[in-house]
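So this block is coords01.cif, mmCIF, C-alpha atoms:
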```
data_work
loop_
_atom_site.label_atom_id
_atom_site.label_comp_id
_atom_site.auth_asym_id
_atom_site.auth_seq_id
_atom_site.Cartn_x
_atom_site.Cartn_y
_atom_site.Cartn_z
CA MET A 1 8.39 -12.27 -13.37
CA GLN A 2 5.53 -13.47 -11.20
CA ILE A 3 5.22 -17.16 -10.43
CA ASP A 4 1.87 -18.84 -9.90
CA PRO A 5 1.92 -20.03 -6.26
CA LEU A 6 0.48 -23.35 -7.42
CA GLU A 7 3.10 -23.93 -10.12
CA PRO A 8 4.89 -27.29 -9.62
CA GLY A 9 8.42 -26.88 -8.29
CA THR A 10 7.72 -23.51 -6.65
CA ASP A 11 9.41 -23.06 -3.28
CA PRO A 12 6.54 -23.48 -0.76
CA THR A 13 7.83 -20.58 1.35
CA HIS A 14 7.82 -18.27 -1.67
CA ALA A 15 4.41 -19.59 -2.69
CA LEU A 16 3.02 -18.63 0.74
CA LEU A 17 4.52 -15.14 0.47
CA GLN A 18 3.07 -14.76 -3.03
CA LEU A 19 -0.33 -15.82 -1.75
CA LEU A 20 -0.16 -13.34 1.14
CA VAL A 21 0.80 -10.48 -1.21
CA LYS A 22 -1.99 -11.48 -3.60
CA GLN A 23 -4.50 -11.50 -0.72
CA TRP A 24 -3.22 -8.10 0.46
CA VAL A 25 -3.65 -6.56 -3.02
CA GLU A 26 -7.14 -8.05 -3.39
CA ALA A 27 -8.22 -6.82 0.06
CA PHE A 28 -6.75 -3.36 -0.62
CA ASN A 29 -8.50 -3.00 -3.98
CA ALA A 30 -11.78 -4.24 -2.47
CA HIS A 31 -11.28 -1.76 0.41
CA ASN A 32 -11.91 -4.69 2.75
CA VAL A 33 -10.46 -3.44 6.04
CA THR A 34 -11.22 -6.65 7.94
CA SER A 35 -9.48 -8.87 5.36
CA ILE A 36 -6.43 -6.66 5.00
CA VAL A 37 -5.92 -6.24 8.75
CA ALA A 38 -6.19 -10.02 9.27
CA LEU A 39 -3.01 -10.40 7.18
CA TYR A 40 -0.95 -8.44 9.74
CA ALA A 41 0.61 -9.87 12.90
CA GLY A 42 -0.83 -8.53 16.14
CA ASP A 43 2.29 -6.44 16.76
CA ALA A 44 2.90 -5.49 13.10
CA GLN A 45 4.13 -2.13 11.94
CA LEU A 46 2.96 -0.20 8.86
CA PHE A 47 4.79 2.89 7.59
CA ASP A 48 5.03 4.84 4.36
CA PHE A 49 6.29 8.26 3.38
CA GLY A 50 2.79 9.73 3.48
CA MET A 51 2.46 9.00 7.21
CA LYS A 52 3.64 11.24 10.01
CA TYR A 53 4.40 8.19 12.17
CA PRO A 54 4.27 4.37 11.87
CA ARG A 55 1.06 2.53 12.71
CA ARG A 56 1.73 -0.22 15.23
CA GLY A 57 -0.56 -3.12 16.00
CA ARG A 58 -3.72 -4.24 14.29
CA SER A 59 -5.99 -1.61 15.83
CA GLU A 60 -3.85 1.33 14.60
CA ILE A 61 -3.44 -0.34 11.20
CA GLU A 62 -7.20 -0.92 11.03
CA ARG A 63 -7.95 2.74 11.82
CA TRP A 64 -5.45 3.87 9.17
CA PHE A 65 -6.94 1.70 6.39
CA ALA A 66 -10.50 2.59 7.40
CA ARG A 67 -9.67 6.31 7.14
CA ARG A 68 -7.73 5.85 3.90
CA PHE A 69 -10.54 3.94 2.18
CA SER A 70 -13.31 6.26 3.41
CA SER A 71 -11.42 9.41 2.37
CA MET A 72 -10.22 7.94 -0.95
CA PRO A 73 -12.95 5.55 -2.14
CA THR A 74 -11.40 5.18 -5.62
CA ILE A 75 -7.83 4.34 -4.56
CA THR A 76 -6.40 1.20 -6.20
CA TYR A 77 -3.09 -0.60 -6.03
CA THR A 78 -1.69 -2.22 -9.19
CA PRO A 79 1.43 -4.38 -8.79
CA ALA A 80 3.93 -4.10 -11.63
CA ASN A 81 6.52 -6.57 -10.36
CA GLN A 82 7.18 -8.68 -7.30
CA LEU A 83 10.39 -10.05 -5.82
CA PHE A 84 10.48 -12.67 -3.09
CA ALA A 85 13.22 -13.80 -0.70
CA SER A 86 13.20 -15.74 2.53
CA GLY A 87 10.65 -13.95 4.71
CA TYR A 88 10.51 -10.83 2.50
CA ALA A 89 8.64 -9.51 -0.51
CA ALA A 90 9.20 -6.33 -2.50
CA VAL A 91 6.31 -5.15 -4.65
CA LEU A 92 6.70 -2.44 -7.29
CA TRP A 93 3.33 -0.80 -7.83
CA THR A 94 1.26 2.06 -9.14
CA THR A 95 -1.47 3.51 -7.01
CA SER A 96 -4.13 5.79 -8.39
CA GLY A 97 -7.48 7.28 -7.58
CA ARG A 98 -8.93 10.59 -6.52
CA ALA A 99 -7.66 12.55 -3.56
CA PRO A 100 -9.85 13.34 -0.57
CA ARG A 101 -12.21 16.29 -0.88
CA ILE A 102 -10.59 19.57 0.00
CA LEU A 103 -12.70 21.74 2.30
CA GLY A 104 -15.51 19.21 1.79
CA GLN A 105 -15.83 20.13 -1.88
CA SER A 106 -15.98 17.18 -4.30
CA TRP A 107 -14.98 19.37 -7.25
CA LEU A 108 -11.63 19.94 -5.49
CA SER A 109 -10.92 16.20 -5.37
CA ARG A 110 -8.23 15.68 -8.00
CA PRO A 111 -6.99 12.47 -9.65
CA PHE A 112 -3.52 11.17 -8.85
CA GLN A 113 -1.21 8.35 -9.91
CA VAL A 114 2.15 7.54 -8.36
CA ASP A 115 4.63 4.68 -8.67
CA GLY A 116 6.28 3.19 -5.63
CA ALA A 117 7.50 0.11 -3.83
CA SER A 118 6.42 -1.74 -0.72
CA VAL A 119 8.71 -4.01 1.27
CA PHE A 120 6.94 -6.63 3.35
CA THR A 121 8.55 -8.64 6.14
CA PHE A 122 6.68 -11.81 7.12
CA ARG A 123 6.69 -13.85 10.30
CA ASP A 124 4.61 -16.94 11.02
CA GLY A 125 2.40 -16.43 7.96
CA HIS A 126 1.57 -12.77 8.70
CA ILE A 127 2.90 -9.38 7.72
CA GLN A 128 5.23 -8.25 10.49
CA ASP A 129 6.40 -5.02 8.87
CA GLN A 130 5.42 -3.10 5.76
CA ARG A 131 7.23 -0.05 4.42
CA GLY A 132 6.04 2.00 1.47
CA TYR A 133 8.36 4.17 -0.63
CA TYR A 134 7.17 6.68 -3.20
CA ASP A 135 7.52 10.31 -4.23
CA HIS A 136 5.05 11.87 -1.80
CA LEU A 137 5.68 15.36 -3.17
CA SER A 138 4.68 14.19 -6.66
CA ALA A 139 1.38 12.90 -5.29
CA LEU A 140 0.77 16.15 -3.42
CA GLU A 141 1.55 18.20 -6.54
CA GLN A 142 -1.07 16.24 -8.46
CA ILE A 143 -3.62 16.80 -5.71
CA LEU A 144 -2.69 20.46 -5.11
CA PRO A 145 -1.28 21.81 -8.42
CA PRO A 146 -0.16 25.18 -6.95
CA LEU A 147 2.57 23.26 -5.08
CA LYS A 148 4.31 22.80 -8.46
CA TRP A 149 5.05 26.53 -8.48
CA LEU A 150 6.91 26.48 -5.18
CA PRO A 151 10.70 25.96 -5.29
CA LEU A 152 10.56 22.76 -3.21
CA ARG A 153 12.54 20.45 -5.47
CA LEU A 154 16.29 20.52 -5.83
#
```

Mind turning this structure into structure tokens?
Amino acid sequence: MQIDPLEPGTDPTHALLQLLVKQWVEAFNAHNVTSIVALYAGDAQLFDFGMKYPRRGRSEIERWFARRFSSMPTITYTPANQLFASGYAAVLWTTSGRAPRILGQSWLSRPFQVDGASVFTFRDGHIQDQRGYYDHLSALEQILPPLKWLPLRL
């Protein structure tokens, strides 16, 4: 269940977290790098299973989102459910779009859709830490169908 941040009786701390998550989703779907990066603390960390290493600080996070949005201009993030606790939010989502061009060829850019979850930690009205969890292999198999033929799954 999602609660309107302006609903009477809503915990103001939870309302702020709901507003921050809403702003993050809107900035992500608009591919607005400036707006999304402004939601992170200066020393924030961003990590998901599709990354080789965490992005630390606004400048690394900015470069990551700029590359992501330029290489995947159709990517969207659709929240399915949200849970809030003191200083934390967990968002269950579906992301979809078209993968980056392979070898520069647009006809090799395949559609994908994957479900996942993001856990946000907040401090002083900013995102301090964000972790994304999803089946990265499933996304890769959609982008590169021959991977389905390899015996990678147990």

| said: Env of Tyr40 (chain A): 12 Å cut, atoms = all atoms listed in the file, seq-sep filter 5 positions within chain, self excluded. Answer as a ChimeraX atom specification. | reply: /A:20-21,23-24,33-35,45-46,55-62,120-130

Specify the axis-aligned box that encloses all atoms of region 70-83 of chain A listed in the file after padding of 5 Å on each side, stating its centre and edge lengths in Å to one decimal as AutoDock Vina command-line options.
```
--center_x -1.5 --center_y -0.3 --center_z -4.1 --size_x 33.7 --size_y 29.5 --size_z 25.0
```

| Picked residues, the PyMOL selection byres ((chain A and resi 81) around 10), as a ChimeraX atom specification | /A:1-2,78-80,82-83,90-93,117

Could those selected residues go to a file with C-alpha atoms, as a short mmCIF file (atom, residue, chain, number, x, y, z; two decimals), in the coordinates of the input?
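Below you can see again_32.cif, which holds the result:
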```
data_model
loop_
_atom_site.label_atom_id
_atom_site.label_comp_id
_atom_site.auth_asym_id
_atom_site.auth_seq_id
_atom_site.Cartn_x
_atom_site.Cartn_y
_atom_site.Cartn_z
CA MET A 1 8.39 -12.27 -13.37
CA GLN A 2 5.53 -13.47 -11.20
CA THR A 78 -1.69 -2.22 -9.19
CA PRO A 79 1.43 -4.38 -8.79
CA ALA A 80 3.93 -4.10 -11.63
CA GLN A 82 7.18 -8.68 -7.30
CA LEU A 83 10.39 -10.05 -5.82
CA ALA A 90 9.20 -6.33 -2.50
CA VAL A 91 6.31 -5.15 -4.65
CA LEU A 92 6.70 -2.44 -7.29
CA TRP A 93 3.33 -0.80 -7.83
CA ALA A 117 7.50 0.11 -3.83
#
```

| message | Here's the selection I'm unsure about, the PyMOL selection byres ((chain A and resi 77) around 12); applied to the file above, which residues does it give, as a ChimeraX atom specification? | response | /A:21-22,24-31,69,74-76,78-80,91-97,113-118

| query | In Å, with one decimal, what is the gap from CA of Ser86 (chain A) to CA of His14 (chain A)? | reply |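 Between CA of Ser86 (chain A) and CA of His14 (chain A) the gap is 7.3 Å.
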
| Distance of CA of Gly50 (chain A) from CA of Arg68 (chain A), expressed in Å to one decimal place | 11.2 Å

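Interatomic distance, CA of Phe65 (chain A) against CA of Asp135 (chain A): 19.9 Å.
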